[in-house]
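Here is the structure we will look at, set down as structure tokens.
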Amino acid sequence: VPITPAATSFLHCSDCHADLDKLFKEGRRPSLLFTHERHFGIGVSDCAACHVANTHEPDRTNRPTMVTCYQCHSLEEGARAPGECTLCHPKDLNPEPRTHLAADWVRDKHAGAALANPFDCATCHQQSFCTSCHGLALPHPSGFEERPHAELFFEDPALCERCHPREPLVQRDACDRCHHPQGPRERTWISWHPEVVRNRGAETCFQCHATDTCRACHRQGPERFTAEDLRADRALLLGSPQPAASPTGAG
């Protein structure tokens, strides 16, 4: 018996889809334990509740994503519908999306995806999951690039390096992109900064660096420079005499 939704905005879906669950009954979506019939039975009677108005386009079909499902399904208390994975997916289904299976997902791609649509992440992950790796709440709040990021760096440089690795003797790093924009990108700042000092003077250096910092790096070499040697910079920038806690490749 054809299933006929009591829709008001999609009056003609069943003109073509005599059996809306045919796809699932034939096993063509083995990763989904889903039926329209079950949803109609609990009062979800409008196709537009899940399907966008332009469901069918000349070159594609816009099917609901799992984000759509989470408008109702959730593990949160008081949710309109339960959110356990096995409610809609087989127990043996790998819960990781295809994107997560890429070898460079964690290293190169997950940050951009999270910034573009953090709600996608929140369908499976709580904020505590992100914090367990990053060590702080992400994305960074508004204004973080001002004093807060400096305070965090001086407190624990290694925390920043979890996402922003520093290789100042090898390449321009995340810090250099803002703090040392001068010179060709293919040259490290360590190798290029003598040109800047020679041509423009050292005044801009002392906006952020104390003379003790320059002296320490030039005396012992950048390869032996540690966060301990930044204690004078911390005092200059933050007004605190406390040294940073752990080493970094700053230069």
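Following the order of the structure tokens, first chain is A, next is B, and so on, with residues numbered from 1 inside each chain and ligands from 1 in the order they appear.
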Contacts of segment 118-152 of chain A with segment 174-193 of chain A up to 12 Å, shortest pair per row, only C-alpha atoms, as a Markdown table:
| residue | atom | partner | partner_atom | distance |
| --- | --- | --- | --- | --- |
| A:Glu145 | CA | A:Cys178 | CA | 10.1 |
| A:Glu146 | CA | A:Cys178 | CA | 11.7 |
| A:His149 | CA | A:Cys175 | CA | 10.9 |
| A:Ala150 | CA | A:Cys175 | CA | 10.8 |
Just C-alpha atoms for this one: save the residues we selected as a PDB file, in the first residue's frame.
ATOM      1  CA  GLU A 145      44.792  37.391  18.675  1.00  0.00           C
ATOM      2  CA  GLU A 146      45.391  40.350  20.970  1.00  0.00           C
ATOM      3  CA  HIS A 149      47.198  34.634  22.719  1.00  0.00           C
ATOM      4  CA  ALA A 150      50.409  36.189  24.020  1.00  0.00           C
TER       5      ALA A 150
END
Inset, instruction - Select from segment 64-250 of chain A everything DSSP, run on the backbone, classes as alpha helix (DSSP H), then give the selection as a PyMOL selection string. - result: chain A and resi 66-69+110-116+118-122+127-134+147-155+157-161+174-179+189-200+211-220+231-238
Dump as a JSON list (two decimals), in the first residue's frame, selection limited to C-alpha atoms:
[["chain", "number", "residue", "atom", "x", "y", "z"],
["A", 66, "MET", "CA", 22.66, 13.99, 9.22],
["A", 67, "VAL", "CA", 22.71, 17.62, 10.33],
["A", 68, "THR", "CA", 19.06, 17.72, 9.25],
["A", 69, "CYS", "CA", 18.32, 14.70, 11.42],
["A", 110, "HIS", "CA", 39.87, 18.95, 10.22],
["A", 111, "ALA", "CA", 40.57, 22.51, 11.36],
["A", 112, "GLY", "CA", 39.20, 24.05, 8.17],
["A", 113, "ALA", "CA", 36.14, 21.82, 8.26],
["A", 114, "ALA", "CA", 35.45, 22.72, 11.89],
["A", 115, "LEU", "CA", 35.72, 26.44, 11.19],
["A", 116, "ALA", "CA", 33.47, 26.18, 8.14],
["A", 118, "PRO", "CA", 31.23, 23.61, 13.65],
["A", 119, "PHE", "CA", 27.72, 22.18, 13.94],
["A", 120, "ASP", "CA", 28.83, 19.22, 11.82],
["A", 121, "CYS", "CA", 31.39, 18.39, 14.50],
["A", 122, "ALA", "CA", 28.89, 18.90, 17.30],
["A", 127, "GLN", "CA", 33.44, 20.55, 23.30],
["A", 128, "SER", "CA", 35.33, 18.44, 25.83],
["A", 129, "PHE", "CA", 36.46, 16.15, 22.99],
["A", 130, "CYS", "CA", 38.17, 19.06, 21.22],
["A", 131, "THR", "CA", 39.64, 20.37, 24.45],
["A", 132, "SER", "CA", 41.14, 16.97, 25.31],
["A", 133, "CYS", "CA", 43.49, 17.32, 22.32],
["A", 134, "HIS", "CA", 43.85, 21.07, 21.91],
["A", 147, "ARG", "CA", 46.73, 39.95, 24.53],
["A", 148, "PRO", "CA", 45.12, 36.52, 25.28],
["A", 149, "HIS", "CA", 47.20, 34.63, 22.72],
["A", 150, "ALA", "CA", 50.41, 36.19, 24.02],
["A", 151, "GLU", "CA", 49.52, 35.27, 27.60],
["A", 152, "LEU", "CA", 48.81, 31.69, 26.55],
["A", 153, "PHE", "CA", 52.04, 31.42, 24.57],
["A", 154, "PHE", "CA", 54.21, 32.63, 27.44],
["A", 155, "GLU", "CA", 52.39, 30.35, 29.87],
["A", 157, "PRO", "CA", 54.36, 27.51, 24.26],
["A", 158, "ALA", "CA", 53.98, 23.77, 23.71],
["A", 159, "LEU", "CA", 50.21, 24.16, 23.84],
["A", 160, "CYS", "CA", 50.27, 26.47, 20.81],
["A", 161, "GLU", "CA", 52.56, 24.08, 18.97],
["A", 174, "ALA", "CA", 52.38, 30.44, 12.04],
["A", 175, "CYS", "CA", 53.90, 33.11, 14.29],
["A", 176, "ASP", "CA", 56.01, 34.58, 11.49],
["A", 177, "ARG", "CA", 53.03, 35.09, 9.20],
["A", 178, "CYS", "CA", 51.83, 37.90, 11.49],
["A", 179, "HIS", "CA", 54.87, 38.93, 13.51],
["A", 189, "TRP", "CA", 62.91, 34.86, 9.41],
["A", 190, "ILE", "CA", 66.07, 33.87, 11.28],
["A", 191, "SER", "CA", 68.08, 34.11, 8.06],
["A", 192, "TRP", "CA", 66.30, 37.21, 6.73],
["A", 193, "HIS", "CA", 66.07, 39.46, 9.78],
["A", 194, "PRO", "CA", 69.68, 40.74, 9.49],
["A", 195, "GLU", "CA", 68.66, 42.31, 6.15],
["A", 196, "VAL", "CA", 65.74, 44.09, 7.82],
["A", 197, "VAL", "CA", 67.90, 45.37, 10.68],
["A", 198, "ARG", "CA", 70.63, 46.49, 8.30],
["A", 199, "ASN", "CA", 68.24, 48.37, 5.99],
["A", 200, "ARG", "CA", 65.62, 49.67, 8.43],
["A", 211, "THR", "CA", 67.49, 43.74, 24.28],
["A", 212, "ASP", "CA", 68.21, 40.78, 26.57],
["A", 213, "THR", "CA", 66.32, 38.53, 24.16],
["A", 214, "CYS", "CA", 68.40, 39.63, 21.18],
["A", 215, "ARG", "CA", 71.55, 39.23, 23.22],
["A", 216, "ALA", "CA", 70.64, 35.70, 24.33],
["A", 217, "CYS", "CA", 69.87, 34.50, 20.82],
["A", 218, "HIS", "CA", 72.97, 36.05, 19.27],
["A", 219, "ARG", "CA", 75.20, 34.80, 22.07],
["A", 220, "GLN", "CA", 74.13, 31.15, 22.11],
["A", 231, "ARG", "CA", 61.38, 36.01, 30.08],
["A", 232, "ALA", "CA", 62.47, 39.57, 29.24],
["A", 233, "ASP", "CA", 59.96, 39.71, 26.37],
["A", 234, "ARG", "CA", 57.20, 38.56, 28.66],
["A", 235, "ALA", "CA", 58.00, 41.33, 31.10],
["A", 236, "LEU", "CA", 58.07, 43.87, 28.27],
["A", 237, "LEU", "CA", 54.78, 42.79, 26.68],
["A", 238, "LEU", "CA", 52.72, 41.63, 29.64]]
Inset, instruction - For Glu96 of chain A, please output as a list in words all residues within 12 Å (counting only C-alpha atoms; exclusion window: fewer than 3 positions along the same chain). - result: Cys85, Asp92, Leu93, Thr99, His100, Leu101, Ala102, Trp105, Cys121, Thr123, Cys124 and His125 of chain A
Convert the current residue selection to file output with N, CA and C atoms, as an mmCIF file, in the first residue's frame.
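Contents of part-v2.cif, as written:
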data_model
loop_
_atom_site.group_PDB
_atom_site.id
_atom_site.type_symbol
_atom_site.label_atom_id
_atom_site.label_comp_id
_atom_site.auth_asym_id
_atom_site.auth_seq_id
_atom_site.Cartn_x
_atom_site.Cartn_y
_atom_site.Cartn_z
ATOM 1 N N CYS A 85 23.184 6.288 18.020
ATOM 2 C CA CYS A 85 23.583 5.944 16.651
ATOM 3 C C CYS A 85 22.804 4.743 16.121
ATOM 4 N N ASP A 92 27.147 -2.516 13.503
ATOM 5 C CA ASP A 92 28.511 -2.753 13.038
ATOM 6 C C ASP A 92 29.008 -1.669 12.084
ATOM 7 N N LEU A 93 28.250 -0.595 11.927
ATOM 8 C CA LEU A 93 28.662 0.479 11.025
ATOM 9 C C LEU A 93 29.800 1.287 11.641
ATOM 10 N N THR A 99 35.324 11.499 5.431
ATOM 11 C CA THR A 99 36.352 12.541 5.528
ATOM 12 C C THR A 99 37.395 12.201 6.585
ATOM 13 N N HIS A 100 36.963 11.570 7.681
ATOM 14 C CA HIS A 100 37.869 11.287 8.786
ATOM 15 C C HIS A 100 38.855 10.167 8.463
ATOM 16 N N LEU A 101 38.581 9.400 7.426
ATOM 17 C CA LEU A 101 39.432 8.263 7.095
ATOM 18 C C LEU A 101 40.655 8.674 6.280
ATOM 19 N N ALA A 102 40.670 9.903 5.787
ATOM 20 C CA ALA A 102 41.824 10.382 5.029
ATOM 21 C C ALA A 102 43.040 10.487 5.941
ATOM 22 N N TRP A 105 43.557 13.893 7.536
ATOM 23 C CA TRP A 105 42.378 14.543 8.114
ATOM 24 C C TRP A 105 42.721 15.346 9.368
ATOM 25 N N CYS A 121 30.591 19.062 13.475
ATOM 26 C CA CYS A 121 31.393 18.390 14.500
ATOM 27 C C CYS A 121 30.540 18.072 15.725
ATOM 28 N N THR A 123 27.562 17.281 16.019
ATOM 29 C CA THR A 123 26.614 16.178 15.932
ATOM 30 C C THR A 123 27.151 14.924 16.615
ATOM 31 N N CYS A 124 28.483 14.804 16.697
ATOM 32 C CA CYS A 124 29.082 13.630 17.345
ATOM 33 C C CYS A 124 29.980 13.991 18.527
ATOM 34 N N HIS A 125 30.591 15.157 18.481
ATOM 35 C CA HIS A 125 31.597 15.510 19.476
ATOM 36 C C HIS A 125 31.121 16.634 20.384
#
Legend entry - Using only C-alpha atoms: which of A:Phe144, A:Phe24, A:Pro222, A:Cys72 has the shortest distance to Glu167 of chain A: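 Comparing A:Phe144, A:Phe24, A:Pro222, A:Cys72 against Glu167 of chain A, the winner is A:Pro222.
Using only C-alpha atoms, the contacts of segment 56-62 of chain A at a cut-off of 12 Å, with sequence neighbours closer than 6 positions omitted, comprise Cys13, Cys16, Cys50 and Thr68 of chain A.
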Mind writing the picked residues with C-alpha atoms as a short mmCIF file (atom, residue, chain, number, x, y, z; two decimals), in the first residue's frame?
data_model
loop_
_atom_site.label_atom_id
_atom_site.label_comp_id
_atom_site.auth_asym_id
_atom_site.auth_seq_id
_atom_site.Cartn_x
_atom_site.Cartn_y
_atom_site.Cartn_z
CA CYS A 13 6.05 13.73 -4.04
CA CYS A 16 6.55 9.80 -8.63
CA CYS A 50 13.43 17.21 6.22
CA THR A 68 19.06 17.72 9.25
#
